[in-house]
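Peer 1: PDB, N, CA, C and O atoms, file my_file22.pdb:
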ATOM      1  N   MET A   1      46.580-100.285 -33.446
ATOM      2  CA  MET A   1      47.019 -98.902 -33.183
ATOM      3  C   MET A   1      45.825 -97.955 -33.229
ATOM      4  O   MET A   1      45.743 -97.029 -32.435
ATOM      5  N   GLY A   2      44.897 -98.208 -34.167
ATOM      6  CA  GLY A   2      43.714 -97.353 -34.259
ATOM      7  C   GLY A   2      42.893 -97.367 -32.983
ATOM      8  O   GLY A   2      42.385 -96.333 -32.546
ATOM      9  N   TRP A   3      42.773 -98.557 -32.379
ATOM     10  CA  TRP A   3      42.000 -98.656 -31.137
ATOM     11  C   TRP A   3      42.634 -97.837 -30.026
ATOM     12  O   TRP A   3      41.925 -97.206 -29.234
ATOM     13  N   LEU A   4      43.966 -97.853 -29.961
ATOM     14  CA  LEU A   4      44.649 -97.101 -28.906
ATOM     15  C   LEU A   4      44.363 -95.614 -29.062
ATOM     16  O   LEU A   4      44.051 -94.927 -28.084
ATOM     17  N   ILE A   5      44.456 -95.115 -30.271
ATOM     18  CA  ILE A   5      44.181 -93.695 -30.523
ATOM     19  C   ILE A   5      42.728 -93.389 -30.170
ATOM     20  O   ILE A   5      42.432 -92.382 -29.514
ATOM     21  N   PHE A   6      41.804 -94.261 -30.579
ATOM     22  CA  PHE A   6      40.387 -94.067 -30.284
ATOM     23  C   PHE A   6      40.154 -93.991 -28.777
ATOM     24  O   PHE A   6      39.457 -93.095 -28.281
ATOM     25  N   LEU A   7      40.773 -94.915 -28.036
ATOM     26  CA  LEU A   7      40.595 -94.914 -26.580
ATOM     27  C   LEU A   7      41.185 -93.654 -25.956
ATOM     28  O   LEU A   7      40.602 -93.090 -25.018
ATOM     29  N   LEU A   8      42.317 -93.206 -26.459
ATOM     30  CA  LEU A   8      42.907 -91.972 -25.931
ATOM     31  C   LEU A   8      41.995 -90.782 -26.183
ATOM     32  O   LEU A   8      41.818 -89.928 -25.306
ATOM     33  N   VAL A   9      41.395 -90.710 -27.367
ATOM     34  CA  VAL A   9      40.485 -89.606 -27.686
ATOM     35  C   VAL A   9      39.266 -89.654 -26.774
ATOM     36  O   VAL A   9      38.855 -88.635 -26.220
ATOM     37  N   VAL A  10      38.685 -90.843 -26.600
ATOM     38  CA  VAL A  10      37.518 -90.975 -25.724
ATOM     39  C   VAL A  10      37.872 -90.565 -24.299
ATOM     40  O   VAL A  10      37.125 -89.830 -23.648
ATOM     41  N   ALA A  11      39.018 -91.017 -23.805
ATOM     42  CA  ALA A  11      39.434 -90.673 -22.447
ATOM     43  C   ALA A  11      39.620 -89.163 -22.314
ATOM     44  O   ALA A  11      39.213 -88.564 -21.316
ATOM     45  N   ALA A  12      40.208 -88.526 -23.328
ATOM     46  CA  ALA A  12      40.420 -87.080 -23.279
ATOM     47  C   ALA A  12      39.081 -86.339 -23.254
ATOM     48  O   ALA A  12      38.926 -85.353 -22.515
ATOM     49  N   VAL A  13      38.113 -86.812 -24.029
ATOM     50  CA  VAL A  13      36.797 -86.168 -24.042
ATOM     51  C   VAL A  13      36.128 -86.300 -22.677
ATOM     52  O   VAL A  13      35.592 -85.329 -22.144
ATOM     53  N   VAL A  14      36.185 -87.493 -22.089
ATOM     54  CA  VAL A  14      35.564 -87.707 -20.780
ATOM     55  C   VAL A  14      36.218 -86.809 -19.730
ATOM     56  O   VAL A  14      35.524 -86.146 -18.955
ATOM     57  N   VAL A  15      37.542 -86.781 -19.719
ATOM     58  CA  VAL A  15      38.238 -85.928 -18.751
ATOM     59  C   VAL A  15      37.874 -84.464 -18.979
ATOM     60  O   VAL A  15      37.639 -83.719 -18.027
ATOM     61  N   GLY A  16      37.799 -84.052 -20.242
ATOM     62  CA  GLY A  16      37.439 -82.663 -20.546
ATOM     63  C   GLY A  16      36.048 -82.308 -20.060
ATOM     64  O   GLY A  16      35.837 -81.232 -19.496
ATOM     65  N   VAL A  17      35.099 -83.223 -20.256
ATOM     66  CA  VAL A  17      33.721 -82.953 -19.811
ATOM     67  C   VAL A  17      33.666 -82.859 -18.294
ATOM     68  O   VAL A  17      33.030 -81.962 -17.740
ATOM     69  N   VAL A  18      34.333 -83.789 -17.606
ATOM     70  CA  VAL A  18      34.329 -83.766 -16.139
ATOM     71  C   VAL A  18      34.967 -82.480 -15.631
ATOM     72  O   VAL A  18      34.448 -81.810 -14.733
ATOM     73  N   TRP A  19      36.092 -82.090 -16.229
ATOM     74  CA  TRP A  19      36.780 -80.869 -15.821
ATOM     75  C   TRP A  19      35.905 -79.644 -16.066
ATOM     76  O   TRP A  19      35.782 -78.771 -15.210
ATOM     77  N   ALA A  20      35.253 -79.601 -17.224
ATOM     78  CA  ALA A  20      34.403 -78.453 -17.560
ATOM     79  C   ALA A  20      33.231 -78.364 -16.589
ATOM     80  O   ALA A  20      32.903 -77.272 -16.116
ATOM     81  N   LYS A  21      32.606 -79.503 -16.286
ATOM     82  CA  LYS A  21      31.477 -79.481 -15.340
ATOM     83  C   LYS A  21      31.932 -78.981 -13.979
ATOM     84  O   LYS A  21      31.227 -78.207 -13.332
ATOM     85  N   LYS A  22      33.112 -79.416 -13.553
ATOM     86  CA  LYS A  22      33.604 -79.014 -12.238
ATOM     87  C   LYS A  22      33.894 -77.514 -12.196
ATOM     88  O   LYS A  22      33.618 -76.849 -11.200
ATOM     89  N   HIS A  23      34.444 -76.962 -13.290
ATOM     90  CA  HIS A  23      34.871 -75.569 -13.279
ATOM     91  C   HIS A  23      33.795 -74.594 -13.724
ATOM     92  O   HIS A  23      33.850 -73.422 -13.366
ATOM     93  N   PHE A  24      32.822 -75.050 -14.531
ATOM     94  CA  PHE A  24      31.847 -74.119 -15.085
ATOM     95  C   PHE A  24      30.445 -74.353 -14.538
ATOM     96  O   PHE A  24      29.485 -73.855 -15.092
ATOM     97  N   ARG A  25      30.333 -75.113 -13.435
ATOM     98  CA  ARG A  25      29.005 -75.408 -12.879
ATOM     99  C   ARG A  25      28.251 -74.121 -12.542
ATOM    100  O   ARG A  25      27.063 -74.002 -12.834
ATOM    101  N   HIS A  26      28.916 -73.151 -11.930
ATOM    102  CA  HIS A  26      28.232 -71.920 -11.538
ATOM    103  C   HIS A  26      27.712 -71.175 -12.761
ATOM    104  O   HIS A  26      26.578 -70.687 -12.766
ATOM    105  N   GLU A  27      28.536 -71.081 -13.805
ATOM    106  CA  GLU A  27      28.104 -70.392 -15.018
ATOM    107  C   GLU A  27      26.932 -71.111 -15.665
ATOM    108  O   GLU A  27      25.990 -70.474 -16.147
ATOM    109  N   ILE A  28      26.973 -72.455 -15.664
ATOM    110  CA  ILE A  28      25.883 -73.227 -16.269
ATOM    111  C   ILE A  28      24.598 -73.006 -15.473
ATOM    112  O   ILE A  28      23.531 -72.786 -16.047
ATOM    113  N   GLU A  29      24.678 -73.051 -14.138
ATOM    114  CA  GLU A  29      23.486 -72.840 -13.312
ATOM    115  C   GLU A  29      22.915 -71.444 -13.538
ATOM    116  O   GLU A  29      21.709 -71.263 -13.638
ATOM    117  N   ARG A  30      23.805 -70.450 -13.626
ATOM    118  CA  ARG A  30      23.340 -69.072 -13.849
ATOM    119  C   ARG A  30      22.655 -68.963 -15.203
ATOM    120  O   ARG A  30      21.590 -68.336 -15.322
ATOM    121  N   ALA A  31      23.221 -69.580 -16.234
ATOM    122  CA  ALA A  31      22.617 -69.529 -17.566
ATOM    123  C   ALA A  31      21.248 -70.202 -17.547
ATOM    124  O   ALA A  31      20.299 -69.713 -18.170
ATOM    125  N   LYS A  32      21.122 -71.328 -16.840
ATOM    126  CA  LYS A  32      19.827 -72.011 -16.761
ATOM    127  C   LYS A  32      18.795 -71.111 -16.084
ATOM    128  O   LYS A  32      17.648 -71.028 -16.530
ATOM    129  N   ARG A  33      19.201 -70.439 -14.995
ATOM    130  CA  ARG A  33      18.263 -69.549 -14.300
ATOM    131  C   ARG A  33      17.837 -68.406 -15.206
ATOM    132  O   ARG A  33      16.659 -68.034 -15.250
ATOM    133  N   ILE A  34      18.789 -67.822 -15.938
ATOM    134  CA  ILE A  34      18.469 -66.719 -16.848
ATOM    135  C   ILE A  34      17.509 -67.199 -17.930
ATOM    136  O   ILE A  34      16.525 -66.515 -18.253
ATOM    137  N   ASN A  35      17.765 -68.370 -18.492
ATOM    138  CA  ASN A  35      16.880 -68.908 -19.535
ATOM    139  C   ASN A  35      15.473 -69.133 -18.992
ATOM    140  O   ASN A  35      14.490 -68.828 -19.667
ATOM    141  N   ARG A  36      15.367 -69.662 -17.769
ATOM    142  CA  ARG A  36      14.054 -69.900 -17.178
ATOM    143  C   ARG A  36      13.334 -68.569 -16.964
ATOM    144  O   ARG A  36      12.142 -68.454 -17.221
ATOM    145  N   ALA A  37      14.037 -67.565 -16.481
ATOM    146  CA  ALA A  37      13.431 -66.256 -16.237
ATOM    147  C   ALA A  37      12.931 -65.664 -17.546
ATOM    148  O   ALA A  37      11.842 -65.069 -17.597
ATOM    149  N   ASN A  38      13.712 -65.822 -18.618
ATOM    150  CA  ASN A  38      13.301 -65.278 -19.911
ATOM    151  C   ASN A  38      12.063 -65.989 -20.453
ATOM    152  O   ASN A  38      11.195 -65.356 -21.045
ATOM    153  N   LYS A  39      11.968 -67.296 -20.232
ATOM    154  CA  LYS A  39      10.804 -68.057 -20.711
ATOM    155  C   LYS A  39       9.543 -67.647 -19.937
ATOM    156  O   LYS A  39       8.462 -67.645 -20.496
ATOM    157  N   ASN A  40       9.691 -67.313 -18.662
ATOM    158  CA  ASN A  40       8.531 -66.974 -17.838
ATOM    159  C   ASN A  40       7.968 -65.595 -18.158
ATOM    160  O   ASN A  40       6.834 -65.305 -17.827
ATOM    161  N   GLN A  41       8.757 -64.755 -18.780
ATOM    162  CA  GLN A  41       8.286 -63.397 -19.073
ATOM    163  C   GLN A  41       7.232 -63.405 -20.159
ATOM    164  O   GLN A  41       7.270 -64.173 -21.073
TER     165      GLN A  41
END
Starting from the file, give its structure as structure tokens.

Peer 2:
Amino acid sequence: MGWLIFLLVVAAVVVGVVWAKKHFRHEIERAKRINRANKNQ
């Protein structure tokens, strides 16, 4: 039973990461650009 719960948690984390990357890619790219600009100053 423990393994089943563990696998469900891992699957939920993977799905969450994929979903977040798909939906927040623009925000992440913008943050990276802002960070690079701040480092160059």

Peer 1: Could you jot down the CA of Ala11 in chain A to atom C of Glu27 in chain A separation for me, Å, one decimal place?

Peer 2: 24.2 Å

Peer 1: Quote the spacing between CA of Asn35 in chain A and CA of Val15 in chain A in Å to one decimal place.

Peer 2: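 Distance between the two atoms: 27.3 Å.
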
Peer 1: Just the number, please: distance in Å from atom N of Lys32 in chain A to atom O of Val17 in chain A, one decimal.

Peer 2: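 Between atom N of Lys32 in chain A and atom O of Val17 in chain A the gap works out to 16.0 Å.
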
Peer 1: Reconstruct range 6-17 of chain A at the level of all heavy atoms, and format the result as a PDB file, in the coordinates of the input.

Peer 2:
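Ended up saving to part_15.pdb:
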ATOM      1  N   PHE A   6      41.804 -94.261 -30.579  1.00  0.00           N
ATOM      2  CA  PHE A   6      40.387 -94.067 -30.284  1.00  0.00           C
ATOM      3  C   PHE A   6      40.154 -93.991 -28.777  1.00  0.00           C
ATOM      4  O   PHE A   6      39.457 -93.095 -28.281  1.00  0.00           O
ATOM      5  CB  PHE A   6      39.584 -95.217 -30.895  1.00  0.00           C
ATOM      6  CG  PHE A   6      38.131 -95.171 -30.544  1.00  0.00           C
ATOM      7  CD1 PHE A   6      37.294 -94.231 -31.116  1.00  0.00           C
ATOM      8  CD2 PHE A   6      37.601 -96.081 -29.637  1.00  0.00           C
ATOM      9  CE1 PHE A   6      35.951 -94.191 -30.789  1.00  0.00           C
ATOM     10  CE2 PHE A   6      36.256 -96.046 -29.306  1.00  0.00           C
ATOM     11  CZ  PHE A   6      35.432 -95.095 -29.888  1.00  0.00           C
ATOM     12  N   LEU A   7      40.773 -94.915 -28.036  1.00  0.00           N
ATOM     13  CA  LEU A   7      40.595 -94.914 -26.580  1.00  0.00           C
ATOM     14  C   LEU A   7      41.185 -93.654 -25.956  1.00  0.00           C
ATOM     15  O   LEU A   7      40.602 -93.090 -25.018  1.00  0.00           O
ATOM     16  CB  LEU A   7      41.251 -96.157 -25.976  1.00  0.00           C
ATOM     17  CG  LEU A   7      40.494 -97.465 -26.216  1.00  0.00           C
ATOM     18  CD1 LEU A   7      41.313 -98.637 -25.688  1.00  0.00           C
ATOM     19  CD2 LEU A   7      39.127 -97.439 -25.564  1.00  0.00           C
ATOM     20  N   LEU A   8      42.317 -93.206 -26.459  1.00  0.00           N
ATOM     21  CA  LEU A   8      42.907 -91.972 -25.931  1.00  0.00           C
ATOM     22  C   LEU A   8      41.995 -90.782 -26.183  1.00  0.00           C
ATOM     23  O   LEU A   8      41.818 -89.928 -25.306  1.00  0.00           O
ATOM     24  CB  LEU A   8      44.277 -91.733 -26.565  1.00  0.00           C
ATOM     25  CG  LEU A   8      45.401 -92.623 -26.045  1.00  0.00           C
ATOM     26  CD1 LEU A   8      46.666 -92.410 -26.875  1.00  0.00           C
ATOM     27  CD2 LEU A   8      45.681 -92.322 -24.580  1.00  0.00           C
ATOM     28  N   VAL A   9      41.395 -90.710 -27.367  1.00  0.00           N
ATOM     29  CA  VAL A   9      40.485 -89.606 -27.686  1.00  0.00           C
ATOM     30  C   VAL A   9      39.266 -89.654 -26.774  1.00  0.00           C
ATOM     31  O   VAL A   9      38.855 -88.635 -26.220  1.00  0.00           O
ATOM     32  CB  VAL A   9      40.069 -89.665 -29.175  1.00  0.00           C
ATOM     33  CG1 VAL A   9      38.929 -88.699 -29.464  1.00  0.00           C
ATOM     34  CG2 VAL A   9      41.267 -89.372 -30.066  1.00  0.00           C
ATOM     35  N   VAL A  10      38.685 -90.843 -26.600  1.00  0.00           N
ATOM     36  CA  VAL A  10      37.518 -90.975 -25.724  1.00  0.00           C
ATOM     37  C   VAL A  10      37.872 -90.565 -24.299  1.00  0.00           C
ATOM     38  O   VAL A  10      37.125 -89.830 -23.648  1.00  0.00           O
ATOM     39  CB  VAL A  10      36.982 -92.424 -25.765  1.00  0.00           C
ATOM     40  CG1 VAL A  10      35.935 -92.642 -24.683  1.00  0.00           C
ATOM     41  CG2 VAL A  10      36.397 -92.724 -27.141  1.00  0.00           C
ATOM     42  N   ALA A  11      39.018 -91.017 -23.805  1.00  0.00           N
ATOM     43  CA  ALA A  11      39.434 -90.673 -22.447  1.00  0.00           C
ATOM     44  C   ALA A  11      39.620 -89.163 -22.314  1.00  0.00           C
ATOM     45  O   ALA A  11      39.213 -88.564 -21.316  1.00  0.00           O
ATOM     46  CB  ALA A  11      40.731 -91.394 -22.102  1.00  0.00           C
ATOM     47  N   ALA A  12      40.208 -88.526 -23.328  1.00  0.00           N
ATOM     48  CA  ALA A  12      40.420 -87.080 -23.279  1.00  0.00           C
ATOM     49  C   ALA A  12      39.081 -86.339 -23.254  1.00  0.00           C
ATOM     50  O   ALA A  12      38.926 -85.353 -22.515  1.00  0.00           O
ATOM     51  CB  ALA A  12      41.254 -86.636 -24.486  1.00  0.00           C
ATOM     52  N   VAL A  13      38.113 -86.812 -24.029  1.00  0.00           N
ATOM     53  CA  VAL A  13      36.797 -86.168 -24.042  1.00  0.00           C
ATOM     54  C   VAL A  13      36.128 -86.300 -22.677  1.00  0.00           C
ATOM     55  O   VAL A  13      35.592 -85.329 -22.144  1.00  0.00           O
ATOM     56  CB  VAL A  13      35.918 -86.777 -25.153  1.00  0.00           C
ATOM     57  CG1 VAL A  13      34.469 -86.321 -25.012  1.00  0.00           C
ATOM     58  CG2 VAL A  13      36.466 -86.404 -26.526  1.00  0.00           C
ATOM     59  N   VAL A  14      36.185 -87.493 -22.089  1.00  0.00           N
ATOM     60  CA  VAL A  14      35.564 -87.707 -20.780  1.00  0.00           C
ATOM     61  C   VAL A  14      36.218 -86.809 -19.730  1.00  0.00           C
ATOM     62  O   VAL A  14      35.524 -86.146 -18.955  1.00  0.00           O
ATOM     63  CB  VAL A  14      35.659 -89.201 -20.384  1.00  0.00           C
ATOM     64  CG1 VAL A  14      35.236 -89.393 -18.929  1.00  0.00           C
ATOM     65  CG2 VAL A  14      34.775 -90.040 -21.313  1.00  0.00           C
ATOM     66  N   VAL A  15      37.542 -86.781 -19.719  1.00  0.00           N
ATOM     67  CA  VAL A  15      38.238 -85.928 -18.751  1.00  0.00           C
ATOM     68  C   VAL A  15      37.874 -84.464 -18.979  1.00  0.00           C
ATOM     69  O   VAL A  15      37.639 -83.719 -18.027  1.00  0.00           O
ATOM     70  CB  VAL A  15      39.767 -86.154 -18.852  1.00  0.00           C
ATOM     71  CG1 VAL A  15      40.520 -85.090 -18.060  1.00  0.00           C
ATOM     72  CG2 VAL A  15      40.113 -87.550 -18.354  1.00  0.00           C
ATOM     73  N   GLY A  16      37.799 -84.052 -20.242  1.00  0.00           N
ATOM     74  CA  GLY A  16      37.439 -82.663 -20.546  1.00  0.00           C
ATOM     75  C   GLY A  16      36.048 -82.308 -20.060  1.00  0.00           C
ATOM     76  O   GLY A  16      35.837 -81.232 -19.496  1.00  0.00           O
ATOM     77  N   VAL A  17      35.099 -83.223 -20.256  1.00  0.00           N
ATOM     78  CA  VAL A  17      33.721 -82.953 -19.811  1.00  0.00           C
ATOM     79  C   VAL A  17      33.666 -82.859 -18.294  1.00  0.00           C
ATOM     80  O   VAL A  17      33.030 -81.962 -17.740  1.00  0.00           O
ATOM     81  CB  VAL A  17      32.770 -84.051 -20.345  1.00  0.00           C
ATOM     82  CG1 VAL A  17      31.403 -83.958 -19.675  1.00  0.00           C
ATOM     83  CG2 VAL A  17      32.628 -83.943 -21.856  1.00  0.00           C
TER      84      VAL A  17
END
